[in-house]
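Participant: Quick one: the structure is below, and I'll ask about it shortly.
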Amino acid sequence: MRYRIFALVLLFFTSCSTINIPKNFVYTEIKTKTFMLASWQKITRPQGVYKIYIEGDGYAFNAYGRPSQDPTPRGTLLREIAFNDPSPNVIYLARPCQFVKSSICSQRHWTTARFAPEVVNAEYEAVKQITGTHEVILIGFSGGAQIAGLISAAKPGLKVKKLITIAGNLDHLAWTQYHKLPELNESLNLESYQQQYLKIPQIHFVGTDDTNIVPNLTENFVDGKWPIVKVEGATHSSGWEKIYPLIWNEK
């Protein structure tokens with residue numbers, strides 16, 4: 001059964017995008033109270049700092065603007081960074097319903113409820129299961145930055161050493177208003193925990209050519225309290241190669 005599940009996950013990878021999974025990363029499904037979450041883990045120094053990469057919203061909508069049937073990400077940006085990170089403890093953590101389905105999964109979990117309490121709780125449970133009482137650096141891409149922030153600021157129990165965001169959606173209400181989109185009315189919003197969030201050490205990478213998460217959205221949220229690095233020519237999902245070593249060097 002385990003090998004059948006693993007084969008199905010590899011099929012997801014193959015059908016969505018081409019990326020090599022290093023042999024030292026082990027596919028692990030993490031059971032939480034609500035969702036089964038997919039992860040790939042490389043843990044060689046269990047007593048050290050953990051680096052957990054939290055995926056974005058994935059393939060939430062199709063080319064016609066309708067909710068997709070499967071939010072598994074087509075892009076490989078975050079996986080490329082995670083799978084090439086030489087740090088001793090590196091985990092790529094998917095969002096609910098990506099790569100592996102739970103019975104609770106429905107389209108709301110990658111649309112209006114993408115940051116719902118049950119989603120945030122599941123991601124928190126997964127990170128806590130992996131790290132225990134050890135320090136963790138959380139790296140969130142796009143909507144994964146919102147998740148990283150919520151599990152750090154809205155919930156106690158994690159020893160977050162640093163937060164790193166890449167094209168991070170830190171205030172989804174400001175984001176929907178900017179793009180004139182329907183509000184994510186079933187979701188928590190990091191803006192409600194902004195004061196607690198900004199007490200945590202953090203750095204933010206934004207793309208000058210990103211039309212999804214425009215730099216101004218991040219600048220307004222961080223309000224000059226933490227560094228924001230503008231990456232020239234980077235769009236929402238490409239052109240970030242120059243920051244890979246900066247993230248890998250975070251210990």
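Please note that chains go A, B, ... in the order of the structure tokens, that every chain numbers its residues from 1, and that ligands are numbered from 1 in the order shown.
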So that I can see what lies close to Thr76 in chain A, please list as a list in words the residues with an atom at most 12 Å from it, counting only C-alpha atoms and leaving out residues fewer than 4 positions away in the same chain.
Facilitator: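 Contacts, with the query itself left out: Phe13, Thr14, Cys16, Ser17, Thr18, Ile19, Asn20, Ile21, Glu55, Gly56, Gly58, Tyr59, Thr72, Glu80, Ile81, Ala82, Phe83, Tyr92, Phe141, Ser237, Ser238 and Trp240 of chain A.
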Participant: Find the residues around range 161-165 of chain A up to 7 Å (only C-alpha atoms counted), leave out those fewer than 3 positions away in its own chain, and share them as a PyMOL selection string.
Facilitator: chain A and resi 135-141+145+168+200-205
Participant: Set the distance at 7 Å and use only C-alpha atoms: which residues neighbour Leu150 in chain A once local chain neighbours fewer than 4 positions away are removed? I'd like the list as an NGL selection string.
Facilitator: :A and (120 or 146 or 154 or 190)
Participant: With all heavy atoms retained, could you export that selection as a PDB file, in the first residue's frame?
Facilitator:
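Result written to result-v6.pdb:
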ATOM      1  N   VAL A 120      -5.029  25.946   8.690  1.00  0.00           N
ATOM      2  CA  VAL A 120      -3.934  26.463   9.522  1.00  0.00           C
ATOM      3  C   VAL A 120      -3.574  25.456  10.610  1.00  0.00           C
ATOM      4  O   VAL A 120      -2.391  25.189  10.865  1.00  0.00           O
ATOM      5  CB  VAL A 120      -4.326  27.824  10.129  1.00  0.00           C
ATOM      6  CG1 VAL A 120      -3.233  28.322  11.085  1.00  0.00           C
ATOM      7  CG2 VAL A 120      -4.579  28.851   9.032  1.00  0.00           C
ATOM      8  N   GLN A 146       1.473  33.270   4.059  1.00  0.00           N
ATOM      9  CA  GLN A 146       0.346  33.521   4.967  1.00  0.00           C
ATOM     10  C   GLN A 146       0.239  32.384   5.994  1.00  0.00           C
ATOM     11  O   GLN A 146       0.070  32.628   7.191  1.00  0.00           O
ATOM     12  CB  GLN A 146      -0.952  33.630   4.163  1.00  0.00           C
ATOM     13  CG  GLN A 146      -2.214  33.774   4.962  1.00  0.00           C
ATOM     14  CD  GLN A 146      -2.545  35.183   5.399  1.00  0.00           C
ATOM     15  OE1 GLN A 146      -3.224  35.369   6.404  1.00  0.00           O
ATOM     16  NE2 GLN A 146      -2.055  36.176   4.668  1.00  0.00           N
ATOM     17  N   ALA A 154      -0.327  33.257  15.296  1.00  0.00           N
ATOM     18  CA  ALA A 154      -1.663  33.012  15.849  1.00  0.00           C
ATOM     19  C   ALA A 154      -1.714  31.799  16.768  1.00  0.00           C
ATOM     20  O   ALA A 154      -2.703  31.619  17.479  1.00  0.00           O
ATOM     21  CB  ALA A 154      -2.672  32.835  14.712  1.00  0.00           C
ATOM     22  N   LEU A 190      -3.660  37.027   8.275  1.00  0.00           N
ATOM     23  CA  LEU A 190      -2.511  37.391   9.101  1.00  0.00           C
ATOM     24  C   LEU A 190      -2.598  38.828   9.600  1.00  0.00           C
ATOM     25  O   LEU A 190      -2.029  39.166  10.645  1.00  0.00           O
ATOM     26  CB  LEU A 190      -1.226  37.172   8.299  1.00  0.00           C
ATOM     27  CG  LEU A 190       0.104  37.353   9.025  1.00  0.00           C
ATOM     28  CD1 LEU A 190       0.192  36.448  10.251  1.00  0.00           C
ATOM     29  CD2 LEU A 190       1.262  37.087   8.075  1.00  0.00           C
TER      30      LEU A 190
END
Participant: With only C-alpha atoms as the atoms that count, which of A:Lys42, A:Pro22, A:Asn185, A:Leu77 lies nearest to Glu241 in chain A?
Facilitator: A:Leu77
Participant: Which residues come within 6 Å of Gln98 in chain A, counting only C-alpha atoms, excluding same-chain residues fewer than 2 positions away, as an NGL selection string?
Facilitator: :A and (71-72 or 95-96 or 100)
Participant: Emit the selected residues as a PDB file, in the first residue's frame, including C-alpha atoms.
Facilitator:
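Final output, saved to again.pdb:
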ATOM      1  CA  PRO A  71      -4.654  22.157  -6.361  1.00  0.00           C
ATOM      2  CA  THR A  72      -1.370  20.273  -6.716  1.00  0.00           C
ATOM      3  CA  ARG A  95      -0.723  22.420   1.542  1.00  0.00           C
ATOM      4  CA  PRO A  96      -3.910  20.435   2.204  1.00  0.00           C
ATOM      5  CA  VAL A 100      -2.564  13.563  -1.620  1.00  0.00           C
TER       6      VAL A 100
END
Participant: Between CA of Glu191 in chain A and CA of Thr176 in chain A, measure the distance and give it in Å to one decimal.
Facilitator: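 Spanning CA of Glu191 in chain A to CA of Thr176 in chain A is a straight-line distance of 13.3 Å.
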Participant: I need the alpha helix (DSSP H) residues of range 8-126 of chain A per DSSP on the backbone, written as a count of residues only.
Facilitator: 26
Participant: As a list in words, list the residues of range 45-138 of chain A assigned to strand (DSSP E or B) by DSSP on the backbone atoms of this structure.
Facilitator: Tyr50, Lys51, Ile52, Tyr53, Ile54, Phe61, Pro67, Asn89, Val90, Ile91, Tyr92, Leu93, Glu135, Val136, Ile137 and Leu138 of chain A
Participant: Please dump the current selection as a PDB file, in the first residue's frame; keep N, CA and C atoms.
Facilitator:
ATOM      1  N   TYR A  50      15.605  23.182  11.940  1.00  0.00           N
ATOM      2  CA  TYR A  50      14.849  22.659  10.809  1.00  0.00           C
ATOM      3  C   TYR A  50      14.468  23.808   9.873  1.00  0.00           C
ATOM      4  N   LYS A  51      14.524  23.527   8.581  1.00  0.00           N
ATOM      5  CA  LYS A  51      14.049  24.499   7.581  1.00  0.00           C
ATOM      6  C   LYS A  51      12.861  23.877   6.853  1.00  0.00           C
ATOM      7  N   ILE A  52      11.724  24.521   6.971  1.00  0.00           N
ATOM      8  CA  ILE A  52      10.509  23.980   6.372  1.00  0.00           C
ATOM      9  C   ILE A  52       9.986  24.937   5.319  1.00  0.00           C
ATOM     10  N   TYR A  53       9.895  24.429   4.100  1.00  0.00           N
ATOM     11  CA  TYR A  53       9.397  25.196   2.963  1.00  0.00           C
ATOM     12  C   TYR A  53       7.907  24.905   2.799  1.00  0.00           C
ATOM     13  N   ILE A  54       7.071  25.933   2.900  1.00  0.00           N
ATOM     14  CA  ILE A  54       5.616  25.763   2.811  1.00  0.00           C
ATOM     15  C   ILE A  54       5.135  26.239   1.442  1.00  0.00           C
ATOM     16  N   PHE A  61      -6.872  27.691  -9.634  1.00  0.00           N
ATOM     17  CA  PHE A  61      -7.836  28.014 -10.685  1.00  0.00           C
ATOM     18  C   PHE A  61      -7.278  27.602 -12.039  1.00  0.00           C
ATOM     19  N   PRO A  67     -12.442  27.257 -10.370  1.00  0.00           N
ATOM     20  CA  PRO A  67     -11.677  26.443  -9.420  1.00  0.00           C
ATOM     21  C   PRO A  67     -11.242  25.122 -10.045  1.00  0.00           C
ATOM     22  N   ASN A  89      18.702  19.722   7.817  1.00  0.00           N
ATOM     23  CA  ASN A  89      17.305  19.351   8.033  1.00  0.00           C
ATOM     24  C   ASN A  89      16.404  20.217   7.158  1.00  0.00           C
ATOM     25  N   VAL A  90      15.909  19.644   6.073  1.00  0.00           N
ATOM     26  CA  VAL A  90      15.103  20.398   5.110  1.00  0.00           C
ATOM     27  C   VAL A  90      13.827  19.621   4.817  1.00  0.00           C
ATOM     28  N   ILE A  91      12.704  20.319   4.880  1.00  0.00           N
ATOM     29  CA  ILE A  91      11.410  19.683   4.615  1.00  0.00           C
ATOM     30  C   ILE A  91      10.627  20.543   3.636  1.00  0.00           C
ATOM     31  N   TYR A  92      10.102  19.915   2.605  1.00  0.00           N
ATOM     32  CA  TYR A  92       9.140  20.566   1.717  1.00  0.00           C
ATOM     33  C   TYR A  92       7.768  20.100   2.169  1.00  0.00           C
ATOM     34  N   LEU A  93       6.912  21.049   2.569  1.00  0.00           N
ATOM     35  CA  LEU A  93       5.594  20.721   3.094  1.00  0.00           C
ATOM     36  C   LEU A  93       4.509  21.263   2.174  1.00  0.00           C
ATOM     37  N   GLU A 135      14.311  24.488  17.027  1.00  0.00           N
ATOM     38  CA  GLU A 135      14.114  25.728  16.277  1.00  0.00           C
ATOM     39  C   GLU A 135      13.773  25.418  14.820  1.00  0.00           C
ATOM     40  N   VAL A 136      13.013  26.333  14.225  1.00  0.00           N
ATOM     41  CA  VAL A 136      12.616  26.141  12.837  1.00  0.00           C
ATOM     42  C   VAL A 136      12.679  27.467  12.093  1.00  0.00           C
ATOM     43  N   ILE A 137      13.146  27.390  10.866  1.00  0.00           N
ATOM     44  CA  ILE A 137      13.070  28.505   9.925  1.00  0.00           C
ATOM     45  C   ILE A 137      11.981  28.160   8.926  1.00  0.00           C
ATOM     46  N   LEU A 138      10.982  29.018   8.803  1.00  0.00           N
ATOM     47  CA  LEU A 138       9.871  28.776   7.898  1.00  0.00           C
ATOM     48  C   LEU A 138      10.034  29.619   6.648  1.00  0.00           C
TER      49      LEU A 138
END
Participant: Take CA of Glu183 in chain A and CA of Ser152 in chain A and report the distance between them in Å, one decimal.
Facilitator: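 CA of Ser152 in chain A lies 23.1 Å from CA of Glu183 in chain A.
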Participant: Can you pull out every residue within 7 Å of Ala38 in chain A, counting only C-alpha atoms, but drop anything in the same chain fewer than 4 positions away, and send it as an NGL selection string?
Facilitator: :A and (28-30 or 93-94 or 99-100)
Participant: Could you dump the residues just selected with N, CA, C and O atoms as a tab-separated table (two decimals), in the first residue's frame?
Facilitator:
chain	number	residue	atom	x	y	z
A	28	THR	N	7.01	11.51	2.90
A	28	THR	CA	6.34	11.18	4.15
A	28	THR	C	4.97	11.84	4.18
A	28	THR	O	4.85	13.05	3.97
A	29	GLU	N	3.94	11.05	4.45
A	29	GLU	CA	2.61	11.62	4.64
A	29	GLU	C	2.40	11.89	6.13
A	29	GLU	O	2.64	11.02	6.97
A	30	ILE	N	1.96	13.08	6.45
A	30	ILE	CA	1.79	13.51	7.83
A	30	ILE	C	0.30	13.55	8.15
A	30	ILE	O	-0.46	14.30	7.54
A	93	LEU	N	6.91	21.05	2.57
A	93	LEU	CA	5.59	20.72	3.09
A	93	LEU	C	4.51	21.26	2.17
A	93	LEU	O	4.44	22.47	1.92
A	94	ALA	N	3.68	20.37	1.69
A	94	ALA	CA	2.59	20.77	0.81
A	94	ALA	C	1.43	21.33	1.63
A	94	ALA	O	1.38	21.21	2.85
A	99	PHE	N	-1.12	16.91	-3.86
A	99	PHE	CA	-0.42	15.63	-4.00
A	99	PHE	C	-1.19	14.45	-3.41
A	99	PHE	O	-1.17	13.36	-3.95
A	100	VAL	N	-1.82	14.65	-2.27
A	100	VAL	CA	-2.56	13.56	-1.62
A	100	VAL	C	-3.88	14.14	-1.10
A	100	VAL	O	-3.93	15.24	-0.57
Participant: Would you work out the distance separating CA of Val127 in chain A from CA of Lys199 in chain A, expressed in Å to one decimal?
Facilitator: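 For CA of Val127 in chain A relative to CA of Lys199 in chain A, the distance reads 20.0 Å.
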Participant: Excluding Thr133 in chain A and its own-chain neighbours fewer than 4 positions away, which residues fall within 9 Å of it when counting only C-alpha atoms? Please give them as a short mmCIF file (atom, residue, chain, number, x, y, z; two decimals) with N, CA, C and O atoms, in the first residue's frame.
Facilitator:
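Output file out.cif follows:
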data_model
loop_
_atom_site.label_atom_id
_atom_site.label_comp_id
_atom_site.auth_asym_id
_atom_site.auth_seq_id
_atom_site.Cartn_x
_atom_site.Cartn_y
_atom_site.Cartn_z
N LYS A 128 4.75 21.02 13.91
CA LYS A 128 5.04 20.64 15.30
C LYS A 128 5.48 19.19 15.37
O LYS A 128 6.41 18.84 16.12
N GLY A 157 3.63 27.58 20.52
CA GLY A 157 4.21 26.23 20.56
C GLY A 157 5.38 25.99 19.64
O GLY A 157 6.14 25.05 19.85
N LEU A 158 5.55 26.79 18.59
CA LEU A 158 6.67 26.60 17.68
C LEU A 158 7.83 27.52 18.07
O LEU A 158 7.61 28.66 18.46
N LYS A 159 9.04 27.01 17.93
CA LYS A 159 10.23 27.84 18.18
C LYS A 159 10.71 28.39 16.83
O LYS A 159 11.63 27.84 16.22
#
Participant: From the set A:Leu184, A:Met36, A:Ala153, A:Leu170, which residue has the shortest atom-to-atom contact distance to Cys105 in chain A, counting only C-alpha atoms?
Facilitator: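 Using only C-alpha atoms, the shortest distance to Cys105 in chain A belongs to A:Met36.
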Participant: Which of these residues is nearest to Tyr193 in chain A, using only C-alpha atoms: A:Phe221, A:Ser106, A:Ala234, A:Ala174?
Facilitator: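 Once distances to Tyr193 in chain A are computed over only C-alpha atoms, the minimum belongs to A:Phe221.
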